[in-house]
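Everything on this sheet refers to the single structure shown next.
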Amino acid sequence: MRKFNPHYVLLAGLAIALSGLVSCASPAKKTVGADTAKKVKFLTEPLIKSIYTADPSAHVFNNKIYIYPSHDIDAGIAENDNGDHFAMRDYHILSIDSIGGKVTDHGVGLDIKDIPWAGRQLWAPDAAYKNGTYYLYFPVKDKKDIFHIGVATSKDPAGPFKAEPQPIAGSYSIDPAVFTDTDGTTYMYFGGIWGGQLQRWVNGKYANESKTDGKDEDAPAISCKVVKLKHNMKEFDGTVKDVVILDSLGKPLLTKDHNRRFFEGSWMHKFNNKYYFTYSTGDTHLLCYAIGDSPMGPFTYKGVFMKPVQGWTTHHSIIEVKGKWHIFYHDTELSGKTHLRNIKVTELVHNADGSIKLIDPFVK
Ligand code: FUB
């Protein structure tokens, strides 16, 4: 993730200009944050307004929907290209009984001060359940300022969670998304380029950025990573593999393809026996999907399923609740500031041909 990009300014300007034009016909306008100072109408309301939240990973546990978001704070750190202003220090776990229901804030589920190896920046988490234990997966920079992924456990999905003393061996970068297939095998997808440091890792080793990938615009794009988890849910099982995304001709997406290539914020869901790998394109602010026949891929790029939200980052999760699919996502409706986000939810529709209906986060 990164703070500023001229592509976005253009895109956001266009989106807001369009929203402004269309909203002339709509009396239900709403003033948004100071960084836009324009009037647009959002598709949905923030789920919680008492704290800033982002990167919502939602799961149904015990017939309740639990949401594991980042907890955004204003730490007074100036914006920069490494994302230092995203200086989060704990997680609040939220739950709702049903979509549209009252949100319960269960308080702090994990604090950075209780993670022995952590340095700073507790970013987008995910959670999973196996054999009576809940697992919270979290990316945080270690004391050398390198992102790794840790795991914490609890007997209660609402926490509190207790962190393992070390990061997961072999883990790196950000944005863990954990998916358990119908055969019981669990996979972790992870990674994010730029501020997420994925470009600094070559063959599982950290290298100085000047010597690593991501600069040759004609080369295949850097891939998200996927690895199986052992039954103990605390260790990688086997080697970390690339999540390969191919175009309709079977060719890998290229670095220069900013509208389609993976950037960060991956998720996996299974629908009609197909595996849907979904992700953010980062600097072009799109949520895209690619479909495959195996959780390890390869996946074929299929398209955009959500247009840019207000705010630089776009991050989501997709779950089925009582036969209907929903996307949890965030924008910056409450603050108008990149690093102070708020989570939301709306329905996600699979069309009869398996494609996903395009979601516009603004009402025209
Ligand atoms: O919240 C910090 C970072 O912003 C996440 O890790 C990214 O996915 C982006 O949403």
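Residue numbering restarts at 1 for every chain of the structure tokens, chains are lettered A, B, ... in their displayed order, and ligands are numbered from 1 as they appear.
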For segment 260-268 of chain A, list every protein, DNA or RNA residue within 7 Å, evaluated using only C-alpha atoms, and leave out those in the same chain fewer than 4 positions away; present the list as a ChimeraX atom specification. /A:175,177,179,189-193,221,223-224,253-255,275-282,315-317
Taking 4 positions as the minimum chain separation for residues in the same chain, which residues sit within 10 Å of segment 238-247 of chain A when counting only C-alpha atoms? Answer as a VMD selection string. chain A and resid 170 to 171 188 to 190 203 to 204 220 to 230 251 to 254 260 to 262 277 289 to 292 295 to 302
Write to file, as a short mmCIF file (atom, residue, chain, number, x, y, z; two decimals), in the first residue's frame, the residues of the selection just made, with N, CA and C atoms.
data_model
loop_
_atom_site.label_atom_id
_atom_site.label_comp_id
_atom_site.auth_asym_id
_atom_site.auth_seq_id
_atom_site.Cartn_x
_atom_site.Cartn_y
_atom_site.Cartn_z
N GLY A 170 9.00 -18.89 7.96
CA GLY A 170 8.89 -18.80 6.50
C GLY A 170 7.87 -17.78 6.04
N SER A 171 7.22 -17.06 6.97
CA SER A 171 6.20 -16.08 6.55
C SER A 171 6.85 -14.72 6.29
N MET A 188 -3.13 -20.65 3.31
CA MET A 188 -2.98 -19.21 3.57
C MET A 188 -2.50 -18.52 2.29
N TYR A 189 -3.21 -17.49 1.90
CA TYR A 189 -2.80 -16.58 0.81
C TYR A 189 -2.20 -15.37 1.51
N PHE A 190 -1.12 -14.83 1.00
CA PHE A 190 -0.56 -13.65 1.66
C PHE A 190 0.27 -12.84 0.68
N ASN A 203 12.77 -15.90 -3.63
CA ASN A 203 12.98 -17.29 -3.19
C ASN A 203 13.00 -17.41 -1.66
N GLY A 204 12.07 -16.71 -1.02
CA GLY A 204 11.94 -16.82 0.43
C GLY A 204 13.00 -16.07 1.21
N PRO A 220 6.59 -10.64 -15.93
CA PRO A 220 5.37 -11.06 -15.24
C PRO A 220 5.27 -10.35 -13.88
N ALA A 221 4.05 -9.99 -13.51
CA ALA A 221 3.82 -9.28 -12.24
C ALA A 221 4.23 -10.15 -11.06
N ILE A 222 4.59 -9.50 -9.97
CA ILE A 222 4.86 -10.23 -8.73
C ILE A 222 3.55 -10.89 -8.28
N SER A 223 3.66 -12.15 -7.85
CA SER A 223 2.45 -12.90 -7.49
C SER A 223 2.17 -12.85 -6.00
N CYS A 224 0.91 -12.90 -5.65
CA CYS A 224 0.49 -13.23 -4.29
C CYS A 224 1.04 -14.63 -3.99
N LYS A 225 1.15 -14.99 -2.73
CA LYS A 225 1.68 -16.30 -2.36
C LYS A 225 0.58 -17.16 -1.74
N VAL A 226 0.75 -18.48 -1.85
CA VAL A 226 -0.18 -19.42 -1.21
C VAL A 226 0.62 -20.59 -0.65
N VAL A 227 0.19 -21.06 0.51
CA VAL A 227 0.86 -22.20 1.15
C VAL A 227 -0.18 -22.94 1.99
N LYS A 228 -0.01 -24.27 2.08
CA LYS A 228 -0.90 -25.05 2.97
C LYS A 228 -0.47 -24.81 4.41
N LEU A 229 -1.43 -24.92 5.32
CA LEU A 229 -1.09 -24.87 6.75
C LEU A 229 -1.14 -26.29 7.31
N LYS A 230 -0.25 -26.57 8.26
CA LYS A 230 -0.29 -27.87 8.93
C LYS A 230 -1.55 -27.97 9.79
N LYS A 251 -1.59 -16.36 -20.72
CA LYS A 251 -0.31 -15.71 -20.43
C LYS A 251 -0.38 -15.02 -19.06
N PRO A 252 0.73 -15.05 -18.27
CA PRO A 252 0.69 -14.38 -16.97
C PRO A 252 0.51 -12.87 -17.10
N LEU A 253 -0.21 -12.27 -16.16
CA LEU A 253 -0.37 -10.81 -16.17
C LEU A 253 1.00 -10.16 -15.94
N LEU A 254 1.21 -9.01 -16.57
CA LEU A 254 2.52 -8.35 -16.49
C LEU A 254 2.52 -7.22 -15.46
N ARG A 260 -4.97 -4.89 -13.69
CA ARG A 260 -5.36 -6.29 -13.49
C ARG A 260 -4.42 -7.05 -12.55
N ARG A 261 -3.19 -6.59 -12.41
CA ARG A 261 -2.24 -7.39 -11.65
C ARG A 261 -2.51 -7.29 -10.15
N PHE A 262 -2.06 -8.35 -9.42
CA PHE A 262 -2.24 -8.40 -7.97
C PHE A 262 -1.40 -7.31 -7.30
N PHE A 277 -10.33 -16.43 -6.62
CA PHE A 277 -9.25 -15.65 -6.00
C PHE A 277 -9.57 -14.18 -6.27
N TYR A 289 -11.29 -10.33 -9.80
CA TYR A 289 -11.38 -11.76 -9.49
C TYR A 289 -10.82 -12.60 -10.62
N ALA A 290 -10.33 -13.77 -10.20
CA ALA A 290 -9.78 -14.75 -11.14
C ALA A 290 -10.26 -16.11 -10.65
N ILE A 291 -10.59 -17.00 -11.58
CA ILE A 291 -11.22 -18.27 -11.21
C ILE A 291 -10.30 -19.43 -11.57
N GLY A 292 -10.26 -20.45 -10.69
CA GLY A 292 -9.45 -21.63 -10.95
C GLY A 292 -10.15 -22.90 -10.50
N PRO A 295 -7.39 -24.66 -5.30
CA PRO A 295 -7.06 -23.51 -4.44
C PRO A 295 -5.66 -22.98 -4.67
N MET A 296 -4.79 -23.82 -5.27
CA MET A 296 -3.41 -23.37 -5.53
C MET A 296 -3.30 -22.71 -6.90
N GLY A 297 -4.36 -22.67 -7.65
CA GLY A 297 -4.31 -22.07 -8.97
C GLY A 297 -3.83 -23.08 -10.01
N PRO A 298 -3.50 -22.65 -11.24
CA PRO A 298 -3.55 -21.25 -11.68
C PRO A 298 -5.00 -20.74 -11.79
N PHE A 299 -5.11 -19.42 -11.84
CA PHE A 299 -6.40 -18.76 -11.93
C PHE A 299 -6.45 -17.95 -13.23
N THR A 300 -7.62 -17.89 -13.82
CA THR A 300 -7.78 -17.07 -15.03
C THR A 300 -8.49 -15.78 -14.66
N TYR A 301 -7.87 -14.67 -15.03
CA TYR A 301 -8.44 -13.35 -14.73
C TYR A 301 -9.82 -13.23 -15.37
N LYS A 302 -10.80 -12.76 -14.60
CA LYS A 302 -12.16 -12.63 -15.12
C LYS A 302 -12.68 -11.20 -15.16
#
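Compared by their closest atoms to ligand 1, and using only C-alpha atoms and all ligand atoms, the residues A:Tyr129, A:Phe305, A:Trp325, A:Phe86 rank with A:Phe86 nearest.
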Kindly assemble as CSV a list of the chain A residues that lie within 9 Å of ligand 1, each paired with its nearest atom pair and their distance in Å to one decimal, using only C-alpha atoms and all ligand atoms, sorted first by chain and then by ascending residue number.
residue,atom,partner,partner_atom_place_in_ligand_line,distance
A:Met1,CA,ligand 1,4 (O),5.6
A:Arg2,CA,ligand 1,4 (O),8.3
A:Thr53,CA,ligand 1,1 (O),8.9
A:Ala54,CA,ligand 1,1 (O),6.2
A:Asp55,CA,ligand 1,10 (O),5.4
A:Pro69,CA,ligand 1,1 (O),8.7
A:Ser70,CA,ligand 1,1 (O),6.0
A:His71,CA,ligand 1,1 (O),8.3
A:Asp72,CA,ligand 1,1 (O),7.5
A:Gly83,CA,ligand 1,2 (C),7.8
A:Phe86,CA,ligand 1,2 (C),6.0
A:Ala87,CA,ligand 1,2 (C),8.5
A:Met88,CA,ligand 1,1 (O),8.1
A:Gln121,CA,ligand 1,2 (C),8.2
A:Leu122,CA,ligand 1,2 (C),7.9
A:Trp123,CA,ligand 1,2 (C),4.7
A:Ala124,CA,ligand 1,6 (O),4.4
A:Pro125,CA,ligand 1,6 (O),8.0
A:Pro139,CA,ligand 1,6 (O),7.8
A:Ile174,CA,ligand 1,6 (O),5.8
A:Asp175,CA,ligand 1,6 (O),5.1
A:Pro176,CA,ligand 1,6 (O),8.8
A:Gly191,CA,ligand 1,6 (O),8.8
A:Gly192,CA,ligand 1,8 (O),7.1
A:Gly195,CA,ligand 1,3 (C),8.4
A:Gly196,CA,ligand 1,6 (O),7.0
A:Phe263,CA,ligand 1,8 (O),8.6
A:Glu264,CA,ligand 1,8 (O),5.4
A:Gly265,CA,ligand 1,8 (O),4.3
A:Ser266,CA,ligand 1,8 (O),8.1
A:Ser280,CA,ligand 1,8 (O),7.8
A:Gly282,CA,ligand 1,9 (C),8.2
A:Trp312,CA,ligand 1,10 (O),8.4
A:Thr313,CA,ligand 1,10 (O),4.9
A:Thr314,CA,ligand 1,10 (O),5.6
A:His315,CA,ligand 1,10 (O),5.0
A:His316,CA,ligand 1,10 (O),8.4
A:His330,CA,ligand 1,10 (O),8.3
A:His339,CA,ligand 1,1 (O),7.7
A:Arg341,CA,ligand 1,1 (O),8.8
Which parts of segment 70-281 of chain A does DSSP call strand (DSSP E or B) when run on the backbone here, written out as JSON, numbers by chain? {"A": [70, 71, 72, 90, 91, 92, 93, 94, 95, 96, 104, 105, 106, 107, 108, 109, 110, 111, 118, 119, 120, 126, 127, 128, 129, 130, 133, 134, 135, 136, 137, 138, 139, 140, 141, 142, 147, 148, 149, 150, 151, 152, 153, 154, 162, 163, 177, 178, 179, 180, 186, 187, 188, 189, 190, 201, 202, 205, 206, 220, 225, 226, 227, 228, 229, 236, 237, 238, 239, 240, 241, 242, 245, 246, 252, 254, 264, 265, 266, 267, 268, 269, 270, 271, 274, 275, 276, 277, 278, 279, 280]}
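Picture a line from atom CA of Asn62 of chain A to atom CA of Lys357 of chain A; it runs 29.0 Å.
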Test item: residues at most 7 Å from Val178 of chain A, only C-alpha atoms, excluding those fewer than 4 positions along its chain, as a compact mmCIF listing (two decimals) with N, CA, C and O atoms, in the first residue's frame:
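Done, and the output landed in selection.txt:
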# COMPACT_ATOMS: atom_id res chain seq x y z
N ASP A 126 -6.61 -11.94 9.63
CA ASP A 126 -7.68 -12.88 9.28
C ASP A 126 -7.80 -13.89 10.42
O ASP A 126 -6.92 -13.94 11.30
N ALA A 127 -8.86 -14.68 10.39
CA ALA A 127 -9.08 -15.66 11.46
C ALA A 127 -9.55 -16.98 10.87
O ALA A 127 -10.03 -17.03 9.74
N ALA A 128 -9.39 -18.04 11.64
CA ALA A 128 -9.84 -19.37 11.21
C ALA A 128 -10.18 -20.18 12.46
O ALA A 128 -9.79 -19.82 13.58
N THR A 186 -6.35 -26.54 4.85
CA THR A 186 -6.33 -25.08 5.05
C THR A 186 -5.15 -24.47 4.29
O THR A 186 -4.04 -25.00 4.31
N TYR A 187 -5.43 -23.36 3.66
CA TYR A 187 -4.43 -22.63 2.87
C TYR A 187 -4.33 -21.20 3.38
O TYR A 187 -5.34 -20.62 3.79
N MET A 188 -3.13 -20.65 3.31
CA MET A 188 -2.98 -19.21 3.57
C MET A 188 -2.50 -18.52 2.29
O MET A 188 -1.51 -18.94 1.67
N TYR A 189 -3.21 -17.49 1.90
CA TYR A 189 -2.80 -16.58 0.81
C TYR A 189 -2.20 -15.37 1.51
O TYR A 189 -2.74 -14.92 2.53
Nearest to Gly101 of chain A, restricted to only C-alpha atoms and choosing among A:Ala118, A:Gly159, A:Lys274, A:Ile65, comes out as A:Ile65
Residues within 10 Å of Lys155 of chain A, please, as a PyMOL selection string. Count only C-alpha atoms; anything in the same chain fewer than 2 positions from it doesn't count. chain A and resi 129+132-135+153+157-161
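You can rank A:Ile146, A:Ala163, A:Met233, A:Leu94 by their closest distance to Ala207 of chain A using only C-alpha atoms, and at the top of that list sits A:Ile146.
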List the neighbours of Lys64 of chain A out to 10 Å using only C-alpha atoms; skip same-chain residues closer than 6 positions along the sequence, and give me the result as a VMD selection string. chain A and resid 95 to 99 157 321
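Candidate residues A:Pro46, A:Gly107, A:Gly119, A:Pro165 were compared for distance to Tyr329 of chain A, and the nearest is A:Pro46, using only C-alpha atoms.
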